[in-house]
Every structure is written in C-alpha cells, then in structure tokens.
file data18.pdb (PDB, C-alpha atoms)
ATOM      1  CA  MET A 572     -20.102  -7.453  -6.864
ATOM      2  CA  GLY A 573     -16.889  -6.171  -8.499
ATOM      3  CA  THR A 574     -15.834  -2.529  -8.518
ATOM      4  CA  ALA A 575     -16.797  -2.015 -12.184
ATOM      5  CA  ALA A 576     -20.245  -3.520 -11.665
ATOM      6  CA  LEU A 577     -20.737  -1.484  -8.498
ATOM      7  CA  LEU A 578     -19.843   1.728 -10.291
ATOM      8  CA  GLU A 579     -22.226   0.918 -13.129
ATOM      9  CA  ALA A 580     -24.997  -0.038 -10.694
ATOM     10  CA  THR A 581     -24.711   3.352  -9.008
ATOM     11  CA  GLY A 582     -24.870   5.250 -12.274
ATOM     12  CA  VAL A 583     -21.187   6.037 -12.782
ATOM     13  CA  GLY A 584     -20.173   5.821 -16.432
ATOM     14  CA  VAL A 585     -19.161   7.680 -19.567
ATOM     15  CA  GLY A 586     -18.125  11.282 -18.916
ATOM     16  CA  ASP A 587     -17.533  10.719 -15.212
ATOM     17  CA  GLU A 588     -14.243  10.765 -13.327
ATOM     18  CA  VAL A 589     -13.394   8.455 -10.437
ATOM     19  CA  VAL A 590     -10.569   9.245  -8.014
ATOM     20  CA  VAL A 591      -8.362   6.221  -7.305
ATOM     21  CA  PRO A 592      -4.869   5.555  -5.898
ATOM     22  CA  ALA A 593      -1.927   4.924  -8.228
ATOM     23  CA  PHE A 594      -0.048   3.018  -5.524
ATOM     24  CA  GLY A 595      -1.158  -0.576  -5.904
ATOM     25  CA  ASN A 596      -2.628  -2.958  -8.422
ATOM     26  CA  VAL A 597      -3.909  -1.784 -11.770
ATOM     27  CA  GLU A 598      -7.238  -3.594 -11.320
ATOM     28  CA  VAL A 599      -9.033  -0.610  -9.743
ATOM     29  CA  ALA A 600      -8.150   1.753 -12.603
ATOM     30  CA  GLU A 601      -9.133  -0.980 -15.064
ATOM     31  CA  ALA A 602     -12.489  -1.373 -13.312
ATOM     32  CA  VAL A 603     -13.152   2.361 -13.643
ATOM     33  CA  ARG A 604     -12.457   2.192 -17.373
ATOM     34  CA  LEU A 605     -14.601  -0.918 -17.712
ATOM     35  CA  ALA A 606     -17.491   1.063 -16.237
ATOM     36  CA  GLY A 607     -16.918   3.701 -18.930
ATOM     37  CA  ALA A 608     -15.499   6.357 -16.596
ATOM     38  CA  SER A 609     -12.012   7.897 -16.394
ATOM     39  CA  PRO A 610      -9.622   7.164 -13.492
ATOM     40  CA  VAL A 611      -8.022  10.199 -11.825
ATOM     41  CA  PHE A 612      -5.049   9.478  -9.592
ATOM     42  CA  ALA A 613      -4.618  11.039  -6.145
ATOM     43  CA  ASP A 614      -1.719  10.745  -3.724
ATOM     44  CA  ILE A 615      -1.570   8.500  -0.658
ATOM     45  CA  ASP A 616      -1.001   8.974   3.036
ATOM     46  CA  PRO A 617       2.602   7.863   3.793
ATOM     47  CA  VAL A 618       1.547   5.910   6.886
ATOM     48  CA  THR A 619      -1.539   4.040   5.685
ATOM     49  CA  TYR A 620      -0.593   3.814   1.962
ATOM     50  CA  CYS A 621      -4.268   4.577   1.303
ATOM     51  CA  LEU A 622      -5.772   7.661  -0.343
ATOM     52  CA  ASP A 623      -5.042  10.961   1.394
ATOM     53  CA  ARG A 624      -8.140  13.067   1.969
ATOM     54  CA  ALA A 625      -6.513  16.386   1.044
ATOM     55  CA  ALA A 626      -5.074  14.865  -2.138
ATOM     56  CA  VAL A 627      -8.472  13.462  -3.071
ATOM     57  CA  GLU A 628     -10.148  16.825  -2.573
ATOM     58  CA  ALA A 629      -7.500  18.505  -4.734
ATOM     59  CA  ALA A 630      -8.216  15.980  -7.509
ATOM     60  CA  VAL A 631     -11.987  16.579  -7.514
ATOM     61  CA  THR A 632     -13.420  18.363 -10.568
ATOM     62  CA  PRO A 633     -17.009  19.067 -11.687
ATOM     63  CA  ARG A 634     -16.877  15.688 -13.500
ATOM     64  CA  THR A 635     -15.908  13.681 -10.416
ATOM     65  CA  ALA A 636     -18.612  11.163  -9.517
ATOM     66  CA  ALA A 637     -16.888   8.771  -7.123
ATOM     67  CA  VAL A 638     -13.843   7.839  -5.070
ATOM     68  CA  VAL A 639     -12.591   4.258  -4.715
ATOM     69  CA  VAL A 640     -10.777   3.702  -1.428
ATOM     70  CA  VAL A 641      -8.399   0.723  -1.416
ATOM     71  CA  HIS A 642      -7.509  -0.929   1.892
ATOM     72  CA  ARG A 643      -3.818  -1.660   1.502
ATOM     73  CA  PHE A 644      -1.645  -4.511   2.840
ATOM     74  CA  GLY A 645      -4.328  -5.598   5.313
ATOM     75  CA  ARG A 646      -4.472  -2.176   7.000
ATOM     76  CA  PRO A 647      -7.914  -0.575   6.848
ATOM     77  CA  ALA A 648      -8.042   2.878   5.283
ATOM     78  CA  GLU A 649      -9.207   5.783   7.415
ATOM     79  CA  LEU A 650     -12.652   6.079   5.884
ATOM     80  CA  GLU A 651     -14.289   8.763   8.003
ATOM     81  CA  PRO A 652     -12.533  11.795   6.438
ATOM     82  CA  LEU A 653     -13.232  10.504   2.932
ATOM     83  CA  LEU A 654     -16.865   9.720   3.712
ATOM     84  CA  ALA A 655     -17.248  13.239   5.109
ATOM     85  CA  LEU A 656     -15.657  14.655   1.946
ATOM     86  CA  GLY A 657     -17.974  12.545  -0.193
ATOM     87  CA  GLU A 658     -21.025  13.781   1.650
ATOM     88  CA  ARG A 659     -19.910  17.401   1.406
ATOM     89  CA  ARG A 660     -19.034  17.233  -2.300
ATOM     90  CA  GLY A 661     -21.789  14.839  -3.361
ATOM     91  CA  LEU A 662     -19.443  11.994  -4.259
ATOM     92  CA  LEU A 663     -19.955   8.248  -4.054
ATOM     93  CA  VAL A 664     -17.278   6.629  -1.850
ATOM     94  CA  LEU A 665     -16.649   2.938  -2.520
ATOM     95  CA  GLU A 666     -14.324   0.482  -0.771
ATOM     96  CA  HIS A 667     -12.044  -2.023  -2.471
ATOM     97  CA  ARG A 668     -10.291  -4.703  -0.436
ATOM     98  CA  GLU A 669      -7.345  -6.700  -1.705
ATOM     99  CA  ALA A 670      -8.320 -10.343  -2.043
ATOM    100  CA  GLU A 671      -7.288 -12.532   0.868
ATOM    101  CA  GLU A 672      -8.195 -15.918   2.220
ATOM    102  CA  ALA A 673      -6.873 -16.359   5.745
ATOM    103  CA  SER A 674      -8.331 -17.897   8.868
ATOM    104  CA  TYR A 675      -8.607 -16.091  12.182
ATOM    105  CA  GLN A 676      -5.751 -18.234  13.475
ATOM    106  CA  GLU A 677      -3.517 -17.349  10.517
ATOM    107  CA  VAL A 678      -4.180 -13.650  11.006
ATOM    108  CA  ALA A 679      -3.468 -13.944  14.734
ATOM    109  CA  GLN A 680      -0.144 -15.646  14.029
ATOM    110  CA  ARG A 681       0.798 -12.946  11.519
ATOM    111  CA  ARG A 682       0.059 -10.303  14.115
ATOM    112  CA  VAL A 683       2.351 -12.044  16.593
ATOM    113  CA  ARG A 684       5.171 -12.102  14.036
ATOM    114  CA  ALA A 685       4.526  -8.486  13.087
ATOM    115  CA  ALA A 686       4.750  -7.447  16.738
ATOM    116  CA  TYR A 687       8.070  -9.299  17.031
ATOM    117  CA  LEU A 688       9.467  -7.468  13.998
ATOM    118  CA  ASP A 689       8.134  -4.133  15.287
ATOM    119  CA  ALA A 690      10.149  -4.630  18.466
ATOM    120  CA  LYS A 691      13.342  -6.011  16.920
ATOM    121  CA  LEU A 692      13.941  -4.288  13.581
ATOM    122  CA  THR A 693      16.243  -1.265  13.430
ATOM    123  CA  GLY A 694      17.301   0.938  10.541
ATOM    124  CA  VAL A 695      14.043   0.495   8.639
ATOM    125  CA  ARG A 696      10.714   2.121   9.294
ATOM    126  CA  THR A 697       8.268  -0.507  10.495
ATOM    127  CA  PRO A 698       4.547  -0.223   9.646
ATOM    128  CA  GLU A 699       2.218   1.509  12.062
ATOM    129  CA  GLY A 700      -0.416  -0.829  13.408
ATOM    130  CA  ALA A 701      -4.106  -0.065  13.386
ATOM    131  CA  VAL A 702      -7.289  -1.670  14.654
ATOM    132  CA  GLY A 703      -8.161  -4.478  12.282
ATOM    133  CA  HIS A 704      -4.731  -4.706  10.606
ATOM    134  CA  THR A 705      -4.329  -8.273   9.302
ATOM    135  CA  TYR A 706      -0.744  -7.860   8.036
ATOM    136  CA  GLN A 707      -1.566  -9.367   4.687
ATOM    137  CA  GLN A 708       1.844  -7.893   3.939
ATOM    138  CA  TYR A 709       4.355  -6.580   6.491
ATOM    139  CA  VAL A 710       5.686  -3.541   4.663
ATOM    140  CA  VAL A 711       8.728  -1.628   5.882
ATOM    141  CA  ARG A 712      10.422   1.464   4.493
ATOM    142  CA  VAL A 713      14.053   1.339   3.394
ATOM    143  CA  PRO A 714      15.077   4.986   2.862
ATOM    144  CA  GLY A 715      16.809   5.749  -0.423
ATOM    145  CA  ASN A 716      19.321   8.418   0.676
ATOM    146  CA  GLY A 717      19.723   9.265  -3.021
ATOM    147  CA  ARG A 718      20.598   5.687  -3.974
ATOM    148  CA  PRO A 719      18.469   2.566  -4.716
ATOM    149  CA  ASP A 720      19.093   1.298  -1.183
ATOM    150  CA  ARG A 721      15.810  -0.599  -1.022
ATOM    151  CA  ASP A 722      16.820  -2.798  -3.934
ATOM    152  CA  ALA A 723      20.342  -3.343  -2.593
ATOM    153  CA  PHE A 724      18.854  -4.118   0.817
ATOM    154  CA  ALA A 725      16.503  -6.682  -0.735
ATOM    155  CA  ARG A 726      19.310  -8.388  -2.624
ATOM    156  CA  ALA A 727      21.450  -8.565   0.498
ATOM    157  CA  ILE A 728      18.840 -10.167   2.738
ATOM    158  CA  ARG A 729      17.760 -12.578  -0.001
ATOM    159  CA  ALA A 730      21.384 -13.705  -0.163
ATOM    160  CA  LYS A 731      21.025 -14.586   3.527
ATOM    161  CA  GLY A 732      17.927 -16.690   2.903
ATOM    162  CA  VAL A 733      15.249 -14.106   3.714
ATOM    163  CA  GLU A 734      12.341 -13.957   1.269
ATOM    164  CA  CYS A 735      11.062 -10.475   0.518
ATOM    165  CA  ARG A 736       9.279  -8.666  -2.277
ATOM    166  CA  VAL A 737       8.693  -5.170  -3.593
ATOM    167  CA  PRO A 738       4.947  -4.695  -3.053
ATOM    168  CA  VAL A 739       4.387  -2.063  -5.763
ATOM    169  CA  LYS A 740       6.996  -2.051  -8.514
ATOM    170  CA  THR A 741       5.366   0.510 -10.799
ATOM    171  CA  PRO A 742       2.649   2.961  -9.742
ATOM    172  CA  VAL A 743      -0.340   2.836 -12.070
ATOM    173  CA  HIS A 744       0.119   6.407 -13.316
ATOM    174  CA  ARG A 745       3.494   5.342 -14.793
ATOM    175  CA  MET A 746       2.102   2.310 -16.642
ATOM    176  CA  PRO A 747       1.816   2.870 -20.428
ATOM    177  CA  GLU A 748      -1.944   2.325 -20.598
ATOM    178  CA  PHE A 749      -2.658   4.778 -17.739
ATOM    179  CA  ARG A 750       0.277   7.195 -18.019
ATOM    180  CA  ARG A 751      -0.461  10.613 -16.526
ATOM    181  CA  ARG A 752       1.607  13.731 -15.923
ATOM    182  CA  VAL A 753       0.593  14.168 -12.294
ATOM    183  CA  SER A 754       2.494  14.978  -9.113
ATOM    184  CA  LEU A 755       2.193  12.120  -6.605
ATOM    185  CA  PRO A 756       5.264  12.514  -4.364
ATOM    186  CA  GLU A 757       4.171  10.153  -1.592
ATOM    187  CA  THR A 758       3.202   7.498  -4.126
ATOM    188  CA  GLU A 759       6.601   7.778  -5.826
ATOM    189  CA  ARG A 760       8.443   7.697  -2.502
ATOM    190  CA  ALA A 761       6.521   4.647  -1.311
ATOM    191  CA  ALA A 762       7.163   2.812  -4.584
ATOM    192  CA  ALA A 763      10.903   3.483  -4.189
ATOM    193  CA  GLU A 764      11.215   2.633  -0.481
ATOM    194  CA  THR A 765       8.749  -0.104   0.468
ATOM    195  CA  LEU A 766       9.666  -3.744   0.983
ATOM    196  CA  ALA A 767       7.397  -6.567   2.169
ATOM    197  CA  LEU A 768       8.922  -8.984   4.680
ATOM    198  CA  PRO A 769       7.370 -12.401   5.386
ATOM    199  CA  VAL A 770       5.128 -12.893   8.428
ATOM    200  CA  GLU A 771       3.230 -16.017   7.388
ATOM    201  CA  ALA A 772       2.288 -18.594   9.988
ATOM    202  CA  SER A 773       4.763 -21.172   8.670
ATOM    203  CA  LEU A 774       7.775 -19.124   9.796
ATOM    204  CA  THR A 775       9.651 -20.548  12.782
ATOM    205  CA  LYS A 776      11.310 -18.596  15.584
ATOM    206  CA  ARG A 777      14.625 -19.372  13.939
ATOM    207  CA  ASP A 778      13.362 -17.924  10.655
ATOM    208  CA  MET A 779      12.288 -14.748  12.437
ATOM    209  CA  ARG A 780      15.613 -14.362  14.225
ATOM    210  CA  ARG A 781      17.491 -14.866  10.952
ATOM    211  CA  MET A 782      15.356 -12.208   9.276
ATOM    212  CA  VAL A 783      15.973  -9.685  12.052
ATOM    213  CA  ALA A 784      19.719 -10.376  12.067
ATOM    214  CA  ALA A 785      19.945 -10.000   8.280
ATOM    215  CA  CYS A 786      17.964  -6.750   8.243
ATOM    216  CA  ASN A 787      19.659  -5.174  11.251
ATOM    217  CA  ALA A 788      23.127  -5.923   9.871
ATOM    218  CA  LEU A 789      22.275  -3.541   7.008
ATOM    219  CA  GLY A 790      19.781  -1.187   8.583
ATOM    220  CA  GLY A 791      22.339   0.676  10.670
ATOM    221  CA  LEU A 792      23.736   2.180   7.467
ATOM    222  CA  LEU A 793      20.471   3.898   6.659
ATOM    223  CA  GLN A 794      19.044   7.188   7.800
ATOM    224  CA  PRO A 795      15.467   7.487   9.091
ATOM    225  CA  ALA A 796      12.820   7.589   6.381
ATOM    226  CA  PHE A 797      11.558  11.010   7.479
TER     227      PHE A 797
END
call {"tool": "encode", "arguments": {"input": "data18.pdb", "output": "structure tokens"}}
result
Amino acid sequence: MGTAALLEATGVGVGDEVVVPAFGNVEVAEAVRLAGASPVFADIDPVTYCLDRAAVEAAVTPRTAAVVVVHRFGRPAELEPLLALGERRGLLVLEHREAEEASYQEVAQRRVRAAYLDAKLTGVRTPEGAVGHTYQQYVVRVPGNGRPDRDAFARAIRAKGVECRVPVKTPVHRMPEFRRRVSLPETERAAAETLALPVEASLTKRDMRRMVAACNALGGLLQPAF
C-alpha cells in the first residue's frame, strides 16, 4: 500500500497536516497532498539524514495528524524517539522506504566496499554506519567552506573516471509547487554538501583504489564538516 493510500486508510485527509522531510524525493509530499492533507516540512538529523525528533515536535500544530518517516540512503531511521513522540502527542507515525531491489549478496558486497571507503577516505566526512544499513547510496559530506566545493569536488573526480552524483539537488521546500518559508538549516547544509560515491558490486579493487586516490588528492584541501 502506498503512502497516500495508507494515510487515507487511517483517516488522514482534508484539514490535516502531515510532518515530512524536505530532504529527499518529492513523492512523500505529493502523497500527502494526494490524500487531501497538507505537508509540513521538518528538519533532519545531520548524521542519519532522517527526520529529527526535536524538529518534528517543533513542527506539530493542533492540525497535525501524522508523521512520515523516510529511511534514507539505505540507513534505517531512528524510529523509537519518533514513535514515543507520536504516542505522547496522539500522532500516527508511518514509515516510507526508498524503493530498492538488491539481493543479500549485493548488499553484503556494498557493505564491504563501504567499509573500505570508511577506512581509506580522508578530507570528506564518511557516513556513520548503523545496524541494517544497506548502503543503497554511500553518501559523504564535502564541506563548503563558503564556496561550492562539493560541486567542484564532483567535477574533479568525474574527470578522473569516478562516477558520483548529488543525491538531493533541491530540497522539496524549495520546489515551486511546495515552496515554504521555513528554516531547515540541516536540510540546506546536507543539500549543499552531500555526494554519493559508487559502492555497487560490479566495482573492482582497481576501481575502488582509483576512487580513493581521486578523492584523497582533493580532500586534503577541505576542512572538517563540523
């Protein structure tokens, strides 16, 4: 059952508000609208890239009926604090997982490559692992230092044959159809600094070494993210 159908099935609809993240795909906000409710954007935790409990609580109003928690990049969100908040405030807490089709073997191989990058990369902030992390995307932070260093970094390693992508180009609250005047500093920072590096099973040891060499040749110029 999709998020919109699940919201409708639980009685969420016209006049209700649903707290969602702005960091990620627009489909969750669209699902809230499809159910007849209004999406309200809350900030994320800078480590998990998932909704921050304190930010969610600050976004709750008398019209809030539900919270949609999105598990991001293959890393499970920390649900317990949000479930406790939902129980205390009488809110429905739903989970939304990014679509993925990967075998156990593929996930295991991605974890091996992620561990290699964790140990070898310097000058970028590597993702923090968690139980159940599938590394659907291996997302690092390239600090801005007041300049668009992430984008320059991406161009430089692509020139050396390393595929990479910006995982979230535009947060949903800045898209025309969902534009909101809301303060989401961690969302904005993540959108400006994050870069997804490849960890798919098809990568060879040579590919991995080339990626590390390309990244580390640039990373020494950067300051820590925090």
call {"tool": "resolve_selection", "arguments": {"input": "data18.pdb", "expression": "the PyMOL selection byres ((chain A and resi 653-661) around 12)", "output": "JSON, numbers by chain"}}
result
{"A": [589, 590, 621, 622, 623, 624, 625, 626, 627, 628, 629, 631, 632, 633, 634, 635, 636, 637, 638, 639, 640, 641, 648, 649, 650, 651, 652, 662, 663, 664, 665, 666]}
call {"tool": "write_last_selection", "arguments": {"input": "data18.pdb", "atoms": "C-alpha atoms", "output": "PDB file, in the frame of the given file"}}
result
ATOM      1  CA  VAL A 589     -13.394   8.455 -10.437  1.00  0.00           C
ATOM      2  CA  VAL A 590     -10.569   9.245  -8.014  1.00  0.00           C
ATOM      3  CA  CYS A 621      -4.268   4.577   1.303  1.00  0.00           C
ATOM      4  CA  LEU A 622      -5.772   7.661  -0.343  1.00  0.00           C
ATOM      5  CA  ASP A 623      -5.042  10.961   1.394  1.00  0.00           C
ATOM      6  CA  ARG A 624      -8.140  13.067   1.969  1.00  0.00           C
ATOM      7  CA  ALA A 625      -6.513  16.386   1.044  1.00  0.00           C
ATOM      8  CA  ALA A 626      -5.074  14.865  -2.138  1.00  0.00           C
ATOM      9  CA  VAL A 627      -8.472  13.462  -3.071  1.00  0.00           C
ATOM     10  CA  GLU A 628     -10.148  16.825  -2.573  1.00  0.00           C
ATOM     11  CA  ALA A 629      -7.500  18.505  -4.734  1.00  0.00           C
ATOM     12  CA  VAL A 631     -11.987  16.579  -7.514  1.00  0.00           C
ATOM     13  CA  THR A 632     -13.420  18.363 -10.568  1.00  0.00           C
ATOM     14  CA  PRO A 633     -17.009  19.067 -11.687  1.00  0.00           C
ATOM     15  CA  ARG A 634     -16.877  15.688 -13.500  1.00  0.00           C
ATOM     16  CA  THR A 635     -15.908  13.681 -10.416  1.00  0.00           C
ATOM     17  CA  ALA A 636     -18.612  11.163  -9.517  1.00  0.00           C
ATOM     18  CA  ALA A 637     -16.888   8.771  -7.123  1.00  0.00           C
ATOM     19  CA  VAL A 638     -13.843   7.839  -5.070  1.00  0.00           C
ATOM     20  CA  VAL A 639     -12.591   4.258  -4.715  1.00  0.00           C
ATOM     21  CA  VAL A 640     -10.777   3.702  -1.428  1.00  0.00           C
ATOM     22  CA  VAL A 641      -8.399   0.723  -1.416  1.00  0.00           C
ATOM     23  CA  ALA A 648      -8.042   2.878   5.283  1.00  0.00           C
ATOM     24  CA  GLU A 649      -9.207   5.783   7.415  1.00  0.00           C
ATOM     25  CA  LEU A 650     -12.652   6.079   5.884  1.00  0.00           C
ATOM     26  CA  GLU A 651     -14.289   8.763   8.003  1.00  0.00           C
ATOM     27  CA  PRO A 652     -12.533  11.795   6.438  1.00  0.00           C
ATOM     28  CA  LEU A 662     -19.443  11.994  -4.259  1.00  0.00           C
ATOM     29  CA  LEU A 663     -19.955   8.248  -4.054  1.00  0.00           C
ATOM     30  CA  VAL A 664     -17.278   6.629  -1.850  1.00  0.00           C
ATOM     31  CA  LEU A 665     -16.649   2.938  -2.520  1.00  0.00           C
ATOM     32  CA  GLU A 666     -14.324   0.482  -0.771  1.00  0.00           C
TER      33      GLU A 666
END
call {"tool": "atom_distance", "arguments": {"input": "data18.pdb", "atom1": "atom CA of A:Ala608", "atom2": "atom CA of A:Ala762"}}
result
25.9 Å
call {"tool": "resolve_selection", "arguments": {"input": "data18.pdb", "expression": "the PyMOL selection byres ((chain A and resi 586) around 8)", "output": "PDB file with C-alpha atoms, keeping the file's coordinate frame"}}
result
ATOM      1  CA  GLY A 584     -20.173   5.821 -16.432  1.00  0.00           C
ATOM      2  CA  VAL A 585     -19.161   7.680 -19.567  1.00  0.00           C
ATOM      3  CA  ASP A 587     -17.533  10.719 -15.212  1.00  0.00           C
ATOM      4  CA  GLU A 588     -14.243  10.765 -13.327  1.00  0.00           C
ATOM      5  CA  GLY A 607     -16.918   3.701 -18.930  1.00  0.00           C
ATOM      6  CA  ALA A 608     -15.499   6.357 -16.596  1.00  0.00           C
ATOM      7  CA  SER A 609     -12.012   7.897 -16.394  1.00  0.00           C
ATOM      8  CA  ARG A 634     -16.877  15.688 -13.500  1.00  0.00           C
TER       9      ARG A 634
END
call {"tool": "resolve_selection", "arguments": {"input": "data18.pdb", "expression": "the PyMOL selection byres ((chain A and resi 699) around 10)", "output": "ChimeraX atom specification"}}
result
/A:618-619,646,689,696-698,700-701,704,710-711
call {"tool": "axis_aligned_box", "arguments": {"input": "data18.pdb", "around": "stretch 614-622 of chain A", "padding_each_side": "8 Å", "output": "JSON"}}
result
{"center_x": -1.6, "center_y": 7.3, "center_z": 1.6, "size_x": 24.4, "size_y": 22.9, "size_z": 26.6}
call {"tool": "closest_atom_pairs", "arguments": {"input": "data18.pdb", "of": "stretch 665-727 of chain A", "to": "stretch 766-780 of chain A", "cutoff": "6 Å", "atoms": "all atoms listed in the file", "output": "JSON lines"}}
result
{"residue": "A:Glu677", "atom": "CA", "partner": "A:Ala772", "partner_atom": "CA", "distance": 6.0}
{"residue": "A:Gln680", "atom": "CA", "partner": "A:Ala772", "partner_atom": "CA", "distance": 5.6}
{"residue": "A:Arg681", "atom": "CA", "partner": "A:Val770", "partner_atom": "CA", "distance": 5.3}
{"residue": "A:Arg684", "atom": "CA", "partner": "A:Val770", "partner_atom": "CA", "distance": 5.7}
{"residue": "A:Gln708", "atom": "CA", "partner": "A:Ala767", "partner_atom": "CA", "distance": 6.0}
{"residue": "A:Tyr709", "atom": "CA", "partner": "A:Ala767", "partner_atom": "CA", "distance": 5.3}
{"residue": "A:Val710", "atom": "CA", "partner": "A:Ala767", "partner_atom": "CA", "distance": 4.3}
{"residue": "A:Val711", "atom": "CA", "partner": "A:Leu766", "partner_atom": "CA", "distance": 5.4}
call {"tool": "closest_residue", "arguments": {"input": "data18.pdb", "among": "A:Thr574, A:Thr693, A:Thr765, A:Thr581", "to": "A:Glu669", "atoms": "all atoms listed in the file"}}
result
A:Thr574
call {"tool": "atom_distance", "arguments": {"input": "data18.pdb", "atom1": "atom CA of A:Phe594", "atom2": "atom CA of A:Val695"}}
result
20.1 Å
call {"tool": "closest_residue", "arguments": {"input": "data18.pdb", "among": "A:Ala685, A:Ala761, A:Val743, A:Ile728", "to": "A:Cys786", "atoms": "only C-alpha atoms"}}
result
A:Ile728
